[in-house]
$ cat data.cif   # mmCIF, C-alpha atoms
data_data
#
loop_
_atom_site.label_atom_id
_atom_site.label_comp_id
_atom_site.auth_asym_id
_atom_site.auth_seq_id
_atom_site.Cartn_x
_atom_site.Cartn_y
_atom_site.Cartn_z
CA MET A 1 97.35 126.83 107.30
CA ILE A 2 99.48 126.98 110.40
CA ASP A 3 99.49 130.28 112.30
CA PRO A 4 102.20 132.58 110.81
CA ARG A 5 102.90 133.86 114.33
CA THR A 6 103.92 130.35 115.39
CA LEU A 7 106.21 130.18 112.38
CA ARG A 8 107.89 133.48 113.33
CA ASP A 9 107.90 133.14 117.11
CA ASP A 10 108.65 129.44 117.50
CA PRO A 11 110.01 127.97 114.25
CA ASP A 12 111.55 125.01 116.09
CA VAL A 13 108.04 123.75 116.90
CA VAL A 14 107.24 123.74 113.19
CA ARG A 15 110.55 122.02 112.39
CA ALA A 16 109.84 119.34 114.99
CA SER A 17 106.36 118.80 113.58
CA GLN A 18 107.71 118.44 110.06
CA ARG A 19 110.26 115.86 111.27
CA ALA A 20 107.56 113.94 113.13
CA ARG A 21 105.45 113.78 109.97
CA GLY A 22 108.42 112.69 107.86
CA GLU A 23 108.21 115.96 105.92
CA ASP A 24 110.95 118.39 104.87
CA GLU A 25 111.86 120.66 107.79
CA GLY A 26 113.88 122.87 105.42
CA VAL A 27 110.58 124.37 104.31
CA VAL A 28 110.54 126.33 107.58
CA ASP A 29 113.60 128.40 106.65
CA LYS A 30 112.19 128.99 103.18
CA LEU A 31 108.94 130.21 104.71
CA LEU A 32 110.75 132.47 107.17
CA SER A 33 112.73 134.02 104.31
CA LEU A 34 109.60 134.52 102.22
CA ASP A 35 107.74 135.92 105.20
CA SER A 36 110.54 138.42 105.83
CA ARG A 37 110.50 139.44 102.18
CA ARG A 38 106.70 139.72 102.21
CA ARG A 39 106.60 141.88 105.33
CA SER A 40 109.43 144.09 104.07
CA SER A 41 107.68 144.59 100.74
CA ILE A 42 104.43 145.51 102.53
CA ALA A 43 106.27 148.04 104.71
CA ALA A 44 108.11 149.50 101.71
CA ALA A 45 104.91 149.84 99.68
CA ASN A 46 103.12 151.48 102.62
CA THR A 47 105.97 153.96 103.11
CA LEU A 48 105.97 154.89 99.43
CA ARG A 49 102.18 155.29 99.38
CA ALA A 50 102.34 157.56 102.42
CA GLU A 51 105.05 159.64 100.74
CA GLN A 52 102.96 159.78 97.57
CA LYS A 53 99.94 160.98 99.54
CA SER A 54 101.95 163.72 101.26
CA LEU A 55 103.45 164.85 97.97
CA GLY A 56 99.98 164.95 96.43
CA LYS A 57 98.98 167.58 99.00
CA LEU A 58 101.95 169.82 98.09
CA VAL A 59 101.47 169.90 94.31
CA PRO A 60 98.29 172.07 94.23
CA LYS A 61 100.02 174.72 96.35
CA ALA A 62 103.22 174.90 94.29
CA GLN A 63 103.92 177.04 91.22
CA GLY A 64 106.49 177.38 88.52
CA GLU A 65 109.69 175.38 88.79
CA GLU A 66 108.77 174.05 92.20
CA ARG A 67 105.53 172.61 90.82
CA ALA A 68 107.35 171.07 87.85
CA ALA A 69 109.87 169.46 90.20
CA LEU A 70 107.11 168.11 92.41
CA LEU A 71 105.24 166.71 89.43
CA ALA A 72 108.40 165.00 88.20
CA LYS A 73 108.98 163.57 91.64
CA ALA A 74 105.34 162.46 91.83
CA LYS A 75 105.71 160.66 88.50
CA ASP A 76 108.86 158.91 89.70
CA LEU A 77 107.16 158.07 93.01
CA ALA A 78 104.15 156.61 91.21
CA ALA A 79 106.48 154.27 89.30
CA GLN A 80 108.14 153.26 92.57
CA VAL A 81 104.76 152.60 94.18
CA LYS A 82 103.69 150.48 91.24
CA ALA A 83 106.93 148.47 91.38
CA ALA A 84 106.60 148.09 95.17
CA GLU A 85 103.03 146.84 94.83
CA VAL A 86 104.11 144.28 92.22
CA GLU A 87 106.87 143.11 94.59
CA GLN A 88 104.37 142.97 97.47
CA THR A 89 101.95 140.89 95.40
CA GLU A 90 104.66 138.50 94.20
CA ALA A 91 106.16 138.09 97.68
CA SER A 92 102.74 137.50 99.24
CA GLU A 93 101.74 134.97 96.59
CA GLU A 94 105.02 133.04 96.95
CA PHE A 95 104.65 132.94 100.71
CA ASP A 96 101.00 131.90 100.53
CA GLN A 97 101.71 129.17 97.98
CA LEU A 98 104.38 127.54 100.16
CA HIS A 99 102.45 128.23 103.37
CA ARG A 100 99.50 126.21 102.05
CA VAL A 101 101.71 123.19 101.36
CA VAL A 102 102.86 122.88 104.97
CA PRO A 103 100.64 120.47 106.95
CA ASN A 104 99.20 121.22 110.36
CA LEU A 105 101.36 120.95 113.46
CA VAL A 106 101.13 117.65 115.33
CA HIS A 107 100.10 117.15 118.94
CA PRO A 108 103.17 116.74 121.18
CA GLU A 109 101.72 113.52 122.64
CA ALA A 110 100.88 111.90 119.28
CA PRO A 111 103.13 108.86 118.66
CA GLU A 112 105.84 109.41 116.09
CA GLY A 113 106.28 107.12 113.11
CA GLY A 114 104.36 105.72 110.16
CA GLU A 115 101.19 103.75 109.53
CA ASP A 116 102.16 100.86 111.83
CA ASP A 117 103.45 102.98 114.72
CA TYR A 118 100.08 103.79 116.29
CA VAL A 119 99.52 103.34 120.02
CA VAL A 120 96.60 101.25 121.23
CA LEU A 121 94.80 103.25 123.93
CA LYS A 122 92.28 100.58 124.93
CA HIS A 123 90.40 97.44 123.93
CA VAL A 124 86.65 97.10 124.42
CA GLY A 125 85.10 93.63 124.26
CA ASP A 126 86.70 90.32 123.35
CA PRO A 127 86.67 88.79 119.87
CA LYS A 128 84.05 86.06 119.70
CA LYS A 129 85.24 82.47 119.45
CA PHE A 130 83.04 80.67 116.92
CA ASP A 131 82.44 76.93 117.14
CA PHE A 132 82.15 76.88 113.35
CA GLU A 133 84.17 78.36 110.48
CA PRO A 134 82.93 81.98 110.21
CA LYS A 135 82.00 83.31 106.80
CA ASP A 136 83.26 86.64 105.52
CA HIS A 137 80.86 89.51 104.94
CA LEU A 138 80.62 88.96 101.18
CA GLU A 139 79.51 85.35 101.57
CA LEU A 140 77.03 86.39 104.27
CA CYS A 141 75.69 89.22 102.10
CA GLU A 142 75.21 86.92 99.14
CA GLY A 143 73.29 84.47 101.30
CA LEU A 144 71.10 87.26 102.70
CA GLY A 145 70.47 88.80 99.28
CA ALA A 146 72.05 91.99 100.63
CA LEU A 147 74.71 92.79 98.05
CA ASP A 148 75.36 92.45 94.32
CA MET A 149 79.01 93.07 93.42
CA GLU A 150 78.80 91.48 89.97
CA ARG A 151 76.14 93.84 88.66
CA GLY A 152 77.83 96.77 90.42
CA ALA A 153 80.94 96.05 88.36
CA LYS A 154 78.85 95.61 85.21
CA VAL A 155 77.22 99.01 85.66
CA SER A 156 80.08 101.09 87.09
CA GLY A 157 83.31 99.05 87.13
CA SER A 158 85.33 97.36 89.85
CA ARG A 159 84.74 98.28 93.49
CA PHE A 160 81.19 99.43 92.88
CA TYR A 161 78.19 97.49 94.12
CA PHE A 162 74.45 97.42 94.71
CA LEU A 163 73.15 97.14 98.26
CA THR A 164 69.97 95.11 97.76
CA GLY A 165 67.01 94.18 99.93
CA ILE A 166 68.05 93.83 103.55
CA GLY A 167 71.50 95.29 102.67
CA ALA A 168 69.90 98.60 101.69
CA GLN A 169 67.66 98.48 104.76
CA LEU A 170 70.63 97.73 106.98
CA GLN A 171 72.57 100.73 105.74
CA LEU A 172 69.59 103.07 106.05
CA GLY A 173 68.83 101.77 109.53
CA LEU A 174 72.44 102.16 110.63
CA LEU A 175 72.76 105.71 109.32
CA ASN A 176 69.38 106.70 110.74
CA MET A 177 70.54 105.39 114.13
CA ALA A 178 73.63 107.61 113.78
CA ILE A 179 71.52 110.65 112.93
CA ALA A 180 69.21 109.93 115.87
CA GLN A 181 72.16 109.82 118.26
CA ALA A 182 73.69 112.98 116.81
CA THR A 183 70.41 114.88 117.04
CA ALA A 184 69.95 113.76 120.65
CA ASN A 185 73.36 115.25 121.42
CA GLY A 186 72.63 118.65 119.92
CA PHE A 187 73.93 118.18 116.37
CA THR A 188 72.05 119.74 113.46
CA PRO A 189 71.45 117.02 110.83
CA MET A 190 72.53 118.01 107.32
CA ILE A 191 72.27 116.34 103.91
CA THR A 192 75.22 117.89 102.13
CA PRO A 193 76.29 118.49 98.51
CA THR A 194 78.73 115.90 97.20
CA LEU A 195 80.25 118.23 94.60
CA VAL A 196 82.34 121.17 95.82
CA ARG A 197 84.43 123.97 94.36
CA PRO A 198 88.24 123.71 94.26
CA GLU A 199 88.72 126.40 96.93
CA ILE A 200 86.56 124.43 99.38
CA MET A 201 88.35 121.14 98.70
CA ALA A 202 91.73 122.87 99.00
CA GLY A 203 90.60 124.72 102.10
CA THR A 204 90.02 121.49 103.98
CA GLY A 205 93.45 120.15 103.03
CA PHE A 206 92.40 117.38 100.64
CA LEU A 207 94.26 118.61 97.55
CA GLY A 208 97.74 118.12 98.95
CA ALA A 209 99.51 114.79 99.33
CA HIS A 210 96.28 112.81 98.88
CA SER A 211 94.86 114.65 95.88
CA SER A 212 95.21 111.47 93.80
CA GLU A 213 92.41 109.98 95.92
CA VAL A 214 89.91 112.67 94.85
CA TYR A 215 87.59 112.44 91.85
CA ARG A 216 87.56 115.62 89.75
CA LEU A 217 85.05 116.78 87.14
CA ARG A 218 87.35 118.88 84.99
CA ASP A 219 84.66 120.21 82.63
CA ASP A 220 82.82 121.74 85.59
CA ASP A 221 85.85 122.42 87.82
CA LEU A 222 84.23 120.58 90.72
CA TYR A 223 85.34 117.77 93.01
CA LEU A 224 83.44 114.79 94.38
CA VAL A 225 83.86 114.69 98.16
CA GLY A 226 85.30 111.74 100.07
CA THR A 227 83.53 112.88 103.25
CA SER A 228 80.88 115.42 104.22
CA GLU A 229 83.61 117.05 106.30
CA VAL A 230 84.44 119.01 103.15
CA PRO A 231 81.07 120.70 102.46
CA LEU A 232 80.47 121.14 106.20
CA ALA A 233 83.82 122.94 106.53
CA GLY A 234 82.87 125.14 103.58
CA TYR A 235 79.39 125.83 104.98
CA HIS A 236 80.64 128.78 107.05
CA ALA A 237 83.53 129.88 104.78
CA ASP A 238 84.29 133.63 105.04
CA GLU A 239 81.91 134.07 107.98
CA ILE A 240 82.21 135.26 111.57
CA LEU A 241 80.37 132.80 113.82
CA ASP A 242 78.58 133.47 117.07
CA LEU A 243 80.02 130.93 119.54
CA ARG A 244 78.83 132.68 122.69
CA LYS A 245 76.44 129.80 123.40
CA GLY A 246 79.03 127.14 122.65
CA ALA A 247 80.23 125.08 119.71
CA LYS A 248 78.34 124.68 116.44
CA ARG A 249 77.82 120.97 115.72
CA TYR A 250 76.59 119.43 112.46
CA ALA A 251 75.98 115.82 111.41
CA GLY A 252 76.33 115.42 107.67
CA TRP A 253 74.82 112.51 105.72
CA SER A 254 76.29 112.06 102.26
CA SER A 255 77.51 109.66 99.65
CA CYS A 256 81.31 109.70 99.54
CA TYR A 257 83.68 108.98 96.66
CA ARG A 258 87.32 107.88 96.77
CA ARG A 259 89.50 106.79 93.89
CA GLU A 260 91.54 104.44 96.12
CA ALA A 261 94.53 105.10 93.88
CA GLY A 262 97.47 102.80 94.53
CA SER A 263 95.44 100.27 96.52
CA TYR A 264 94.89 97.68 93.80
CA GLY A 265 95.01 94.13 95.10
CA LYS A 266 94.29 95.33 98.65
CA ASP A 267 90.88 94.61 100.17
CA THR A 268 89.28 94.19 96.76
CA ARG A 269 86.84 91.57 98.04
CA GLY A 270 83.51 92.91 99.24
CA ILE A 271 82.85 96.43 100.54
CA ILE A 272 85.79 97.19 102.80
CA ARG A 273 87.59 99.40 100.29
CA VAL A 274 85.27 100.76 97.59
CA HIS A 275 84.88 103.84 95.42
CA GLN A 276 81.48 104.92 96.78
CA PHE A 277 79.88 104.59 100.20
CA ASP A 278 77.54 106.47 102.53
CA LYS A 279 78.53 108.06 105.81
CA VAL A 280 77.28 110.19 108.69
CA GLU A 281 80.03 112.59 109.78
CA MET A 282 80.13 114.86 112.81
CA PHE A 283 81.65 118.30 112.24
CA VAL A 284 82.28 120.94 114.89
CA TYR A 285 83.27 124.61 115.00
CA THR A 286 84.55 125.70 118.40
CA ARG A 287 86.96 128.03 120.19
CA PRO A 288 90.58 126.83 119.91
CA GLU A 289 90.94 126.52 123.69
CA ASP A 290 87.96 124.12 123.75
CA ALA A 291 89.13 121.91 120.86
CA GLU A 292 90.86 119.15 122.85
CA ALA A 293 87.88 118.68 125.16
CA GLU A 294 85.61 118.58 122.11
CA HIS A 295 87.89 115.98 120.53
CA ALA A 296 87.38 113.74 123.57
CA ARG A 297 83.61 114.21 123.27
CA LEU A 298 83.62 113.20 119.60
CA LEU A 299 85.54 110.03 120.46
CA ASP A 300 83.04 109.25 123.20
CA TRP A 301 80.10 109.68 120.81
CA GLU A 302 81.80 107.33 118.34
CA GLU A 303 82.25 104.74 121.08
CA GLN A 304 78.58 105.07 122.03
CA MET A 305 77.67 104.13 118.45
CA LEU A 306 80.05 101.17 118.48
CA ALA A 307 78.50 99.95 121.71
CA LYS A 308 75.12 99.96 119.96
CA ILE A 309 76.30 97.52 117.30
CA GLU A 310 77.90 95.28 119.97
CA VAL A 311 81.24 94.57 118.31
CA PRO A 312 84.69 94.26 119.91
CA TYR A 313 86.89 97.24 119.07
CA ARG A 314 90.03 99.08 120.00
CA VAL A 315 90.95 102.77 120.06
CA ILE A 316 94.28 103.85 118.59
CA ASP A 317 96.24 107.10 118.67
CA THR A 318 97.36 107.54 115.05
CA ALA A 319 101.08 108.09 114.46
CA THR A 320 102.27 111.45 113.15
CA GLY A 321 103.40 110.11 109.80
CA ASP A 322 99.93 108.70 109.13
CA LEU A 323 97.99 111.88 109.93
CA GLY A 324 96.11 113.74 107.23
CA THR A 325 97.33 117.18 106.18
CA SER A 326 94.83 118.98 108.41
CA ALA A 327 94.95 116.77 111.49
CA TYR A 328 96.70 117.83 114.69
CA ARG A 329 95.75 114.54 116.33
CA LYS A 330 93.56 111.62 115.25
CA PHE A 331 91.97 108.73 117.14
CA ASP A 332 90.68 105.70 115.22
CA CYS A 333 88.20 103.10 116.45
CA GLU A 334 88.88 99.73 114.82
CA ALA A 335 86.39 96.87 115.00
CA TRP A 336 87.26 93.19 115.05
CA VAL A 337 86.70 91.47 111.69
CA PRO A 338 86.58 87.69 112.27
CA SER A 339 87.27 86.62 108.68
CA GLN A 340 90.49 88.64 108.65
CA ASP A 341 91.44 87.87 112.26
CA THR A 342 92.32 91.52 112.80
CA TYR A 343 90.94 94.96 113.63
CA ARG A 344 89.81 97.31 110.84
CA GLU A 345 89.00 101.01 111.04
CA LEU A 346 85.34 101.94 111.41
CA THR A 347 85.64 105.49 112.74
CA SER A 348 88.17 108.26 113.05
CA THR A 349 88.03 111.64 114.74
CA SER A 350 90.46 114.47 114.07
CA ASN A 351 91.23 117.74 115.79
CA CYS A 352 92.23 120.11 112.98
CA THR A 353 92.77 123.11 115.29
CA THR A 354 92.63 126.37 113.29
CA PHE A 355 94.27 124.88 110.18
CA GLN A 356 91.17 124.53 107.97
CA ALA A 357 89.39 127.61 109.28
CA ARG A 358 92.38 129.84 108.55
CA ARG A 359 92.36 128.65 104.93
CA LEU A 360 88.59 129.12 104.65
CA GLY A 361 88.36 132.45 106.49
CA ILE A 362 86.11 131.22 109.33
CA ARG A 363 86.27 133.28 112.52
CA TYR A 364 84.42 134.08 115.74
CA ARG A 365 84.53 137.05 118.11
CA ASP A 366 86.41 136.61 121.37
CA ASP A 367 85.27 138.06 124.72
CA ASP A 368 86.67 141.45 123.67
CA GLY A 369 84.78 141.40 120.38
CA ARG A 370 87.88 140.82 118.26
CA PRO A 371 87.71 138.35 115.35
CA GLN A 372 89.73 135.16 115.93
CA THR A 373 90.13 131.96 113.90
CA VAL A 374 87.91 129.06 114.98
CA ALA A 375 88.98 125.45 115.45
CA THR A 376 87.35 122.64 113.46
CA LEU A 377 86.98 118.96 114.31
CA ASN A 378 85.40 115.95 112.63
CA GLY A 379 84.41 112.40 113.51
CA THR A 380 82.67 109.44 111.87
CA LEU A 381 79.41 108.11 113.31
CA ALA A 382 78.62 105.36 110.79
CA THR A 383 79.54 104.24 107.28
CA THR A 384 78.71 101.48 104.83
CA ARG A 385 81.80 99.59 106.07
CA TRP A 386 80.08 99.04 109.44
CA ILE A 387 77.93 96.42 107.72
CA VAL A 388 81.05 94.25 107.51
CA ALA A 389 81.60 94.27 111.28
CA ILE A 390 77.93 93.79 112.10
CA LEU A 391 77.42 90.80 109.82
CA GLU A 392 80.67 89.01 110.62
CA ASN A 393 80.52 89.44 114.41
CA HIS A 394 76.84 88.52 114.75
CA GLN A 395 76.66 85.65 112.25
CA LEU A 396 75.16 82.28 113.10
CA GLU A 397 76.24 78.91 111.73
CA ASP A 398 73.43 78.71 109.19
CA GLY A 399 74.32 82.08 107.65
CA SER A 400 71.71 84.01 109.61
CA VAL A 401 72.77 87.19 111.42
CA ARG A 402 71.54 88.41 114.80
CA VAL A 403 70.61 92.11 114.70
CA PRO A 404 72.10 94.14 117.57
CA GLU A 405 69.34 95.20 119.95
CA ALA A 406 69.82 98.96 119.53
CA LEU A 407 69.59 98.61 115.74
CA ARG A 408 66.35 96.59 115.71
CA PRO A 409 63.94 99.57 115.93
CA PHE A 410 65.58 100.97 112.78
CA LEU A 411 64.95 97.66 110.97
CA GLY A 412 61.29 97.38 111.85
CA GLY A 413 61.97 95.28 114.95
CA THR A 414 63.77 92.52 113.04
CA GLU A 415 65.84 90.36 115.40
CA VAL A 416 67.49 87.99 112.95
CA LEU A 417 68.40 88.38 109.28
CA THR A 418 67.67 85.11 107.50
CA PRO A 419 69.28 83.82 104.26
CA THR A 420 66.98 84.21 101.28
CA SER A 421 67.16 80.47 100.57
CA LYS A 422 65.30 79.91 103.83
#

$ encode --input "data.cif" --output "structure tokens"
Amino acid sequence: MIDPRTLRDDPDVVRASQRARGEDEGVVDKLLSLDSRRRSSIAAANTLRAEQKSLGKLVPKAQGEERAALLAKAKDLAAQVKAAEVEQTEASEEFDQLHRVVPNLVHPEAPEGGEDDYVVLKHVGDPKKFDFEPKDHLELCEGLGALDMERGAKVSGSRFYFLTGIGAQLQLGLLNMAIAQATANGFTPMITPTLVRPEIMAGTGFLGAHSSEVYRLRDDDLYLVGTSEVPLAGYHADEILDLRKGAKRYAGWSSCYRREAGSYGKDTRGIIRVHQFDKVEMFVYTRPEDAEAEHARLLDWEEQMLAKIEVPYRVIDTATGDLGTSAYRKFDCEAWVPSQDTYRELTSTSNCTTFQARRLGIRYRDDDGRPQTVATLNGTLATTRWIVAILENHQLEDGSVRVPEALRPFLGGTEVLTPTSK
């Protein structure tokens, strides 16, 4: 949730953020009205409780008619307190319900607009010019014996698959390389649960506008996660963290599940847009004043991983209308995909400021020992989709694929992946 003090002290900032996201700015006035009602009801209930407490001290000392009058007043006051507490509860619940719907503020330098209004911050590497017609990743995978889409669909339905042989080894090698890099940079590796409770999913902001993308197990009241960001955010829920030695950094390895609702007919070939994939995700808890610097570090770590797979890529600053509910600012790294003649997202890193932590009750103690809300950030280090970029950019005319040098130790030293027919 956004900080209520920002709402009260600088509502125009919230209005501007809502406009930039393409959201209703009228919600700000509704929130201000509910907040005023909530605070008034709290004050009224406190006043009545104080009066009730004072009256309670007088009753034992009174006698006769005075005592009877005090008892009658106490009875009336008790009814008023009860009514005031009901009003306080209702006002607080209404405010909280609307407060949770409002997305995070956006960074003032984030480009405004929708999905296509991003700003390209830089290009790294040049797309390779092939002297033959490049194959797409599905054709390459089939030649390498790395993927079985047909049996994936038979077993689980469309957009499911089996990674087979070298395909399975390639994913494991890639994710192990990501974990090795994360560990070398002070991250604690984590294998996380992929089922979480509703309050954890809601706390990270994934049950808002994009709730249709989330798989839900209604009989158990649990959700399948689309990223280990969710369980890692919930890991320290309702805790006060010790950040005196710096940020807490975790690297979560998990299977991820996304319904991909509304995307039928788009990227249905191969493994670019599927219902299940594996991912290593960086997640950080830090002081709010350190969040922007940490965001830059996460982007740098992502670029280090991209350099290891030796593919051309670009970095974009995501437009405000394309930000997730929790994101204050988001940078995407998009790799060149030869068969599509375009760049496709491989990583993203988001600064979520205090938005998620406020919902999940995660705090730290400042230099004066007072509890304050932490900031959270996340960033992708590797996913199944990376296989697409690796195979297509490093393919050879005969369907073989050169293994990037940094990845070779994680594939037993293999330098070239050779089609099974050979």

$ resolve_selection --input "data.cif" --expression "the PyMOL selection byres ((chain A and resi 378) around 9)" --output "list in words"
Glu229, Glu281, Met282, Phe283, Val284, His295, Leu298, Ser348, Thr349, Ser350, Asn351, Cys352, Thr376, Leu377, Gly379 and Thr380 of chain A

$ residues_around --input "data.cif" --residues "Glu303 in chain A" --least-positions-apart "3" --cutoff "10 Å" --atoms "all atoms listed in the file" --output "list of chain:residue names"
A:Val124, A:Arg297, A:Leu298, A:Leu299, A:Asp300, A:Leu306, A:Ala307, A:Lys308, A:Tyr313, A:Arg314, A:Val315, A:Cys333, A:Thr347, A:Leu381

$ residues_around --input "data.cif" --residues "Pro198 in chain A" --least-positions-apart "4" --cutoff "10 Å" --atoms "all atoms listed in the file" --output "list in words"
Ala202, Gly203, Phe206, Leu207, Arg216, Asp221, Leu222 and Tyr223 of chain A

$ residues_around --input "data.cif" --residues "range 170-177 of chain A" --least-positions-apart "3" --cutoff "12 Å" --atoms "all atoms listed in the file" --output "PyMOL selection string"
chain A and resi 141+144-147+162-167+180-184+189+191+251-255+277-281+304-306+308-309+380-388+390-391+401+403-414+416-417

$ closest_residue --input "data.cif" --among "A:Ala178, A:Ala233, A:Val214, A:Ala389" --to "Arg258 in chain A" --atoms "all atoms listed in the file"
A:Val214

$ atom_distance --input "data.cif" --atom1 "CA of Asn104 in chain A" --atom2 "CA of Val14 in chain A"
8.9 Å

$ resolve_selection --input "data.cif" --expression "the PyMOL selection byres ((chain A and resi 37-53) around 8)" --output "list of chain:residue names"
A:Ser33, A:Leu34, A:Asp35, A:Ser36, A:Ser54, A:Leu55, A:Gly56, A:Lys57, A:Ala74, A:Leu77, A:Ala78, A:Gln80, A:Val81, A:Ala84, A:Glu85, A:Glu87, A:Gln88, A:Ala91, A:Ser92, A:Phe95

$ closest_residue --input "data.cif" --among "A:Phe355, A:Tyr215, A:Tyr364, A:Trp336" --to "Arg287 in chain A" --atoms "all atoms listed in the file"
A:Tyr364

$ residues_around --input "data.cif" --residues "Ser17 in chain A" --least-positions-apart "3" --cutoff "12 Å" --atoms "only C-alpha atoms" --output "tab-separated table (two decimals) with C-alpha atoms, in the frame of the given file"
chain	number	residue	atom	x	y	z
A	2	ILE	CA	99.48	126.98	110.40
A	6	THR	CA	103.92	130.35	115.39
A	7	LEU	CA	106.21	130.18	112.38
A	10	ASP	CA	108.65	129.44	117.50
A	11	PRO	CA	110.01	127.97	114.25
A	12	ASP	CA	111.55	125.01	116.09
A	13	VAL	CA	108.04	123.75	116.90
A	14	VAL	CA	107.24	123.74	113.19
A	20	ALA	CA	107.56	113.94	113.13
A	21	ARG	CA	105.45	113.78	109.97
A	22	GLY	CA	108.42	112.69	107.86
A	23	GLU	CA	108.21	115.96	105.92
A	24	ASP	CA	110.95	118.39	104.87
A	25	GLU	CA	111.86	120.66	107.79
A	26	GLY	CA	113.88	122.87	105.42
A	27	VAL	CA	110.58	124.37	104.31
A	28	VAL	CA	110.54	126.33	107.58
A	102	VAL	CA	102.86	122.88	104.97
A	103	PRO	CA	100.64	120.47	106.95
A	104	ASN	CA	99.20	121.22	110.36
A	105	LEU	CA	101.36	120.95	113.46
A	106	VAL	CA	101.13	117.65	115.33
A	107	HIS	CA	100.10	117.15	118.94
A	108	PRO	CA	103.17	116.74	121.18
A	109	GLU	CA	101.72	113.52	122.64
A	110	ALA	CA	100.88	111.90	119.28
A	111	PRO	CA	103.13	108.86	118.66
A	112	GLU	CA	105.84	109.41	116.09
A	113	GLY	CA	106.28	107.12	113.11
A	319	ALA	CA	101.08	108.09	114.46
A	320	THR	CA	102.27	111.45	113.15
A	321	GLY	CA	103.40	110.11	109.80
A	323	LEU	CA	97.99	111.88	109.93
A	325	THR	CA	97.33	117.18	106.18
A	327	ALA	CA	94.95	116.77	111.49
A	328	TYR	CA	96.70	117.83	114.69
A	329	ARG	CA	95.75	114.54	116.33

$ atom_distance --input "data.cif" --atom1 "CA of Leu232 in chain A" --atom2 "CA of Glu199 in chain A"
13.5 Å

$ resolve_selection --input "data.cif" --expression "the PyMOL selection byres ((chain A and resi 316) around 7)" --output "VMD selection string"
chain A and resid 118 to 121 314 to 315 317 to 318 331 to 333

$ closest_residue --input "data.cif" --among "A:Gly399, A:Gly226, A:Gly246, A:Pro312" --to "Glu289 in chain A" --atoms "all atoms listed in the file"
A:Gly246

$ atom_distance --input "data.cif" --atom1 "CA of Val230 in chain A" --atom2 "CA of Val196 in chain A"
7.9 Å

$ closest_residue --input "data.cif" --among "A:Glu415, A:Leu396, A:Ala335, A:Gly234" --to "Phe130 in chain A" --atoms "all atoms listed in the file"
A:Leu396

$ closest_residue --input "data.cif" --among "A:Glu133, A:Asp367, A:Glu260, A:Asp126" --to "Ser212 in chain A" --atoms "only C-alpha atoms"
A:Glu260

$ closest_residue --input "data.cif" --among "A:Ile362, A:Met1, A:Ala168, A:Met201" --to "Ala237 in chain A" --atoms "all atoms listed in the file"
A:Ile362

$ axis_aligned_box --input "data.cif" --around "range 285-297 of chain A" --padding-each-side "8 Å" --output "lines of an AutoDock Vina configuration file"
center_x = 87.1
center_y = 120.9
center_z = 120.1
size_x = 23.7
size_y = 30.3
size_z = 26.2
